[in-house]
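Peer 1: You'll find final_25.txt just under this line, and it carries compact mmCIF, C-alpha atoms and all ligand atoms.
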```txt
# COMPACT_ATOMS: atom_id res chain seq x y z
CA MET I 79 21.18 73.15 86.53
CA GLU I 80 23.48 73.28 83.53
CA LEU I 81 27.10 72.41 82.85
CA LYS I 82 28.99 74.17 80.07
CA VAL I 83 30.57 71.38 78.07
CA HIS I 84 33.28 71.45 75.43
CA LYS I 85 33.13 67.80 74.48
CA ILE I 86 31.85 64.44 75.66
CA LEU I 87 33.35 61.09 74.71
CA LYS I 88 31.30 58.12 75.84
CA HIS I 89 34.16 55.64 75.74
CA THR I 90 37.84 56.36 76.10
CA LYS I 91 40.71 54.26 77.42
CA VAL I 92 43.23 57.05 77.89
CA GLU I 93 41.82 59.39 80.54
CA GLY I 94 42.04 57.32 83.71
CA PRO I 95 41.61 53.69 84.77
CA GLY I 96 39.53 51.42 82.55
CA ILE I 97 37.06 52.51 79.92
CA ARG I 98 35.64 55.89 80.87
CA TYR I 99 32.94 58.35 79.97
CA CYS I 100 34.78 61.62 79.62
CA ILE I 101 33.55 65.21 79.96
CA TRP I 102 35.65 68.19 78.91
CA THR I 103 34.13 71.19 80.65
CA GLN I 104 34.11 74.56 78.90
CA GLY I 105 35.96 77.51 80.41
CA CYS I 106 39.44 77.85 81.89
CA SER I 107 40.91 81.12 83.10
CA ARG I 108 44.42 79.75 83.68
CA HIS I 109 45.73 80.01 80.12
CA CYS I 110 48.81 77.84 80.71
CA LYS I 111 51.60 78.29 78.18
CA GLY I 112 51.60 75.36 75.78
CA CYS I 113 48.02 74.30 76.61
CA TRP I 114 46.72 71.91 73.97
CA ALA I 115 43.08 72.68 74.77
CA ILE I 116 42.86 76.39 73.97
CA SER I 117 39.39 75.94 72.50
CA THR I 118 38.15 75.07 76.02
CA TRP I 119 39.22 78.43 77.51
CA ASP I 120 36.28 80.65 76.53
CA LYS I 121 33.57 80.27 79.15
CA ASN I 122 31.04 81.54 76.62
CA GLY I 123 31.90 78.77 74.16
CA GLY I 124 30.85 75.12 74.18
CA MET I 125 27.30 73.92 74.82
CA ALA I 126 25.18 74.07 77.97
CA TYR I 127 23.77 70.67 78.95
CA ASP I 128 21.25 69.96 81.66
CA THR I 129 23.08 67.99 84.34
CA LYS I 130 20.14 65.55 84.60
CA ASP I 131 20.48 64.78 80.87
CA ILE I 132 24.21 64.22 81.31
CA LEU I 133 23.54 61.83 84.19
CA SER I 134 20.97 59.87 82.25
CA ASP I 135 23.36 59.59 79.29
CA ILE I 136 26.10 58.33 81.64
CA PHE I 137 23.81 55.75 83.23
CA ASN I 138 22.68 54.57 79.78
CA THR I 139 26.25 54.07 78.62
CA LYS I 140 27.35 50.46 78.91
CA ASN I 141 30.73 49.05 79.83
CA ILE I 142 32.25 52.02 81.62
CA GLU I 143 34.26 51.92 84.82
CA GLY I 144 33.64 55.55 85.60
CA VAL I 145 33.60 59.16 84.54
CA THR I 146 36.49 61.56 84.05
CA PHE I 147 36.17 65.34 84.22
CA LEU I 148 38.78 67.51 82.59
CA GLY I 149 38.85 70.77 80.82
CA GLY I 150 38.82 73.49 80.66
CA GLU I 151 38.74 73.75 84.43
CA PRO I 152 36.01 71.63 86.04
CA PHE I 153 36.23 73.58 89.31
CA GLU I 154 35.20 76.79 87.55
CA GLN I 155 31.68 75.26 87.55
CA PRO I 156 31.53 73.98 91.14
CA LYS I 157 27.76 73.60 91.49
CA PRO I 158 27.15 71.26 88.54
CA LEU I 159 30.43 69.50 89.31
CA GLN I 160 29.32 68.83 92.87
CA PHE I 161 25.94 67.51 91.74
CA LEU I 162 27.33 65.29 88.99
CA THR I 163 30.20 63.83 91.01
CA ARG I 164 27.86 63.09 93.93
CA GLU I 165 25.35 61.24 91.77
CA ILE I 166 28.01 59.36 89.78
CA LYS I 167 29.75 58.24 92.96
CA LYS I 168 26.40 57.13 94.43
CA SER I 169 25.80 54.96 91.35
CA GLY I 170 29.00 52.97 91.95
CA LEU I 171 30.95 54.39 89.01
CA SER I 172 34.34 55.86 89.79
CA VAL I 173 35.18 59.55 89.44
CA VAL I 174 38.46 60.98 88.16
CA CYS I 175 38.92 64.75 87.96
CA PHE I 176 41.73 66.85 86.53
CA THR I 177 42.28 70.39 87.77
CA GLY I 178 44.81 73.16 87.30
CA ASN I 179 44.36 74.05 90.99
CA LYS I 180 46.34 72.55 93.84
CA ILE I 181 44.44 70.30 96.21
CA GLU I 182 45.48 72.48 99.17
CA ASP I 183 43.50 75.37 97.69
CA LEU I 184 40.50 73.22 96.77
CA GLU I 185 40.30 71.82 100.31
CA LYS I 186 39.53 75.31 101.61
CA LYS I 187 36.35 75.66 99.53
CA TYR I 188 35.37 72.43 97.85
CA LYS I 189 35.52 69.56 100.37
CA ASN I 190 31.94 68.75 99.29
CA ILE I 191 33.25 67.98 95.80
CA LEU I 192 36.51 66.31 96.77
CA LYS I 193 34.64 63.73 98.85
CA ASN I 194 33.01 62.44 95.63
CA ILE I 195 36.27 62.04 93.71
CA ASP I 196 38.34 58.85 93.65
CA ILE I 197 41.39 60.25 91.87
CA LEU I 198 42.15 63.97 91.69
CA ILE I 199 44.98 64.94 89.37
CA ASP I 200 46.07 68.44 90.28
CA GLY I 201 48.41 71.15 89.07
CA GLU I 202 48.40 73.24 85.93
CA TYR I 203 50.35 72.29 82.85
CA ILE I 204 53.89 73.73 82.96
CA GLU I 205 55.54 73.55 79.57
CA GLU I 206 59.06 73.77 81.01
CA GLU I 207 58.30 70.65 83.06
CA LYS I 208 56.86 68.67 80.17
CA ASP I 209 57.06 64.94 80.88
CA PHE I 210 54.98 62.18 79.34
CA SER I 211 56.47 59.31 81.35
CA ARG I 212 53.54 59.04 83.79
CA PRO I 213 50.00 58.06 82.85
CA TRP I 214 47.41 60.70 81.90
CA VAL I 215 49.56 63.74 82.78
CA GLY I 216 51.81 66.03 80.79
CA SER I 217 54.07 67.79 83.28
CA LYS I 218 56.18 66.78 86.26
CA ASN I 219 54.44 69.05 88.76
CA GLN I 220 51.07 67.33 88.36
CA ARG I 221 50.14 65.04 91.25
CA TYR I 222 47.79 62.09 91.75
CA HIS I 223 45.65 62.16 94.89
CA PHE I 224 43.83 58.97 95.79
CA LEU I 225 40.88 60.31 97.77
CA SER I 226 39.00 57.05 98.35
CA ASP I 227 39.82 53.37 98.83
CA ARG I 228 38.86 52.54 95.27
CA TYR I 229 42.29 53.06 93.69
CA ASN I 230 45.82 53.47 94.94
CA GLU I 231 49.28 54.15 93.51
CA SER I 232 49.48 50.62 92.10
CA VAL I 233 46.98 51.56 89.39
CA LEU I 234 49.61 53.81 87.84
CA LYS I 235 51.76 50.78 86.97
CA ASN I 236 49.01 49.41 84.74
CA TYR I 237 48.78 52.41 82.43
CA LYS I 238 51.00 54.39 80.12
CA ASN I 239 50.28 57.57 78.25
CA HIS I 240 48.48 57.01 74.99
CA ILE I 241 46.89 59.21 72.39
CA GLU I 242 43.49 58.22 71.00
CA VAL I 243 42.29 59.39 67.61
CA ASN I 244 38.52 59.40 67.12
CA VAL I 245 37.09 59.90 63.65
CA GLN I 246 33.49 60.96 64.04
CA LYS I 247 30.64 60.21 61.64
CA ASN I 248 30.80 63.75 60.26
CA GLY I 249 34.51 63.30 59.47
CA VAL I 250 35.72 65.49 62.33
CA VAL I 251 38.84 64.06 63.98
CA PHE I 252 39.13 64.39 67.75
CA ILE I 253 42.44 63.60 69.44
CA ASN I 254 42.64 63.00 73.18
CA GLY I 255 44.82 61.40 75.79
CA MET I 256 48.32 62.55 76.62
CA GLY I 257 51.57 62.47 74.70
CA ASP I 258 53.59 64.42 72.20
CA PHE I 259 50.69 65.92 70.23
CA ASP I 260 52.94 68.31 68.29
CA SER I 261 55.05 65.48 66.82
CA LEU I 262 51.94 63.45 66.07
CA VAL I 263 50.33 66.28 64.13
CA LYS I 264 53.57 66.88 62.19
CA LYS I 265 53.63 63.21 61.14
CA ILE I 266 50.03 63.15 59.87
CA ASN I 267 49.54 63.89 56.20
CA PHE I 268 46.20 65.74 56.12
CA TYR I 269 44.40 65.14 52.85
CA SER I 270 41.04 66.41 51.81
CA GLU I 271 39.17 65.74 48.56
CA HIS I 272 37.22 68.66 47.09
S1 LIG J 1 44.48 74.28 83.29
FE1 LIG J 1 44.39 72.77 81.61
S2 LIG J 1 42.85 73.58 80.17
FE2 LIG J 1 43.39 75.24 81.55
S3 LIG J 1 44.98 76.37 80.43
FE3 LIG J 1 46.01 74.91 81.80
S4 LIG J 1 46.36 73.08 80.54
FE4 LIG J 1 44.82 74.35 79.48
```
Starting from the file, give its structure as structure tokens.

Peer 2:
Amino acid sequence: MELKVHKILKHTKVEGPGIRYCIWTQGCSRHCKGCWAISTWDKNGGMAYDTKDILSDIFNTKNIEGVTFLGGEPFEQPKPLQFLTREIKKSGLSVVCFTGNKIEDLEKKYKNILKNIDILIDGEYIEEEKDFSRPWVGSKNQRYHFLSDRYNESVLKNYKNHIEVNVQKNGVVFINGMGDFDSLVKKINFYSEH
């Protein structure tokens, strides 16, 4: 079984509690105004990875507290999401998942996935409700659901929104996390030597 993936970061500190392995799934049909991740929308883009290879990479990655799924829209690939979250949970790592859906709608169809998730962060990005005051989220409507005993509301006090800038070996810069990306990009002086 394959998962269409936009990007994987093996270590990040800004997408949930602790240091996390993070998977941006490819494909999102919501097209929220102001979305910062437009390149994740096309379900034909990204790369298809065998879910068993993803799992083995996760289990070979040291010093992680858990795995975060975001997108794109992870629930647009329910079968690989169900398999991966189940196996990750079984291993003792924690699972955080972002979704543009509301939990009330997911409960109708995807209880088998929700039972594997420790923190579900739901709700699509609404530009008019932009708010970076809470960890990991960008608009006021988004909600945290603690679906297991592993975390509770108190974890939110330990984290603030941060932006991470990763410069890869090939020189490509990847920015993740949550915050005022537009201002950040305006402040950076991009320079390239020819
Ligand atoms: S749900 Fe997320 S990835 Fe999809 S359009 Fe909205 S903000 Fe972008």

Peer 1: Fewer than 6 positions away in the same chain doesn't count, so skip those; otherwise give me all residues within 10 Å of Asn236 of chain I, counting only C-alpha atoms, as a tab-separated table (two decimals) with C-alpha atoms, in the frame of the given file.

Peer 2:
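Saved the output as result_15.tsv:
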```tsv
chain	number	residue	atom	x	y	z
I	95	PRO	CA	41.61	53.69	84.77
I	96	GLY	CA	39.53	51.42	82.55
I	213	PRO	CA	50.00	58.06	82.85
```

Peer 1: Taking only C-alpha atoms and all ligand atoms into account, report as a PyMOL selection string which residues have an atom no farther than 12 Å from an atom of ligand LIG 1 (chain J).

Peer 2: chain I and resi 84+102-121+147-154+175-180+199-205+208+215-217+220+256

Peer 1: Ranking I:Leu81, I:Ser172, I:Val92, I:Tyr237 by minimum distance to Lys157 of chain I and counting all atoms listed in the file, which one comes first?

Peer 2: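 Looking only at the distances to Lys157 of chain I, the closest residue turns out to be I:Leu81.
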
Peer 1: May I ask which of the residues I:Ile166, I:Val83, I:Lys91, I:Ile101 is the closest one to Met125 of chain I, counting all atoms listed in the file?

Peer 2: I:Val83

Peer 1: Smallest atom-to-atom distance to Ser169 of chain I: which of I:Glu143, I:Ile181, I:Tyr188, I:Lys247, using all atoms listed in the file?

Peer 2: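 Result for the nearest residue to Ser169 of chain I: I:Glu143.
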
Peer 1: Quick one: of I:Phe137, I:Phe252, I:Phe224, I:Trp214, who's nearest to Leu171 of chain I, counting all atoms listed in the file?

Peer 2: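 Going through I:Phe137, I:Phe252, I:Phe224, I:Trp214 one by one, the smallest distance to Leu171 of chain I is for I:Phe137.
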
Peer 1: Nearest residue to Thr139 of chain I out of I:Leu87, I:Leu184, I:Val251, I:Leu234, using only C-alpha atoms?

Peer 2: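 Between I:Leu87, I:Leu184, I:Val251, I:Leu234, the residue approaching Thr139 of chain I most closely is I:Leu87.
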
Peer 1: Near Lys130 of chain I, counting all atoms listed in the file, which residues have an atom at most 10 Å away, once you skip same-chain residues fewer than 3 positions from it, shown as a ChimeraX atom specification?

Peer 2: /I:79-81,127,133-136,158,161-162,165

Peer 1: May I have the centre and edge lengths, in Å to one decimal, of an axis-aligned box around the listed atoms of segment 218-229 of chain I with 5 Å added to every side, as lines of an AutoDock Vina configuration file?

Peer 2:
```
center_x = 47.5
center_y = 60.8
center_z = 92.5
size_x = 27.3
size_y = 26.5
size_z = 22.6
```

Peer 1: Counting only C-alpha atoms, select every polymer residue within 9 Å of (39.9, 59.5, 96.3) as defined in the file's coordinates, and provide the selection as a list in words.

Peer 2: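 Residues close enough to count: Val173, Val174, Leu192, Lys193, Asn194, Ile195, Asp196, Ile197, Leu198, His223, Phe224, Leu225, Ser226, Asp227, Arg228, Tyr229 and Asn230 of chain I.
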
Peer 1: Would you pick out the contacts of Ile191 of chain I at 8 Å or less, using all atoms listed in the file, so that residues sharing its chain but fewer than 6 positions from it are not included, and give the list as a list in words?

Peer 2: Pro156, Leu159, Gln160, Thr163 and Arg164 of chain I

Peer 1: I'd like to know which of I:Ile132, I:Val233, I:Val250, I:Ile241 is closest to Glu93 of chain I, using all atoms listed in the file.

Peer 2: I:Ile241

Peer 1: Would you work out the distance separating atom CA of Lys238 of chain I from atom CA of Ile253 of chain I, expressed in Å to one decimal?

Peer 2: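 Spanning atom CA of Lys238 of chain I to atom CA of Ile253 of chain I is a straight-line distance of 16.5 Å.
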
Peer 1: Atom CA of Asp258 of chain I and atom CA of Lys82 of chain I are how many Å apart?

Peer 2: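 So the answer is 27.6 Å.
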
Peer 1: For atom CA of Lys187 of chain I and atom CA of Ile86 of chain I, quote the distance in Å rounded to one decimal.

Peer 2: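 About the pair atom CA of Lys187 of chain I and atom CA of Ile86 of chain I: they are 26.8 Å apart.
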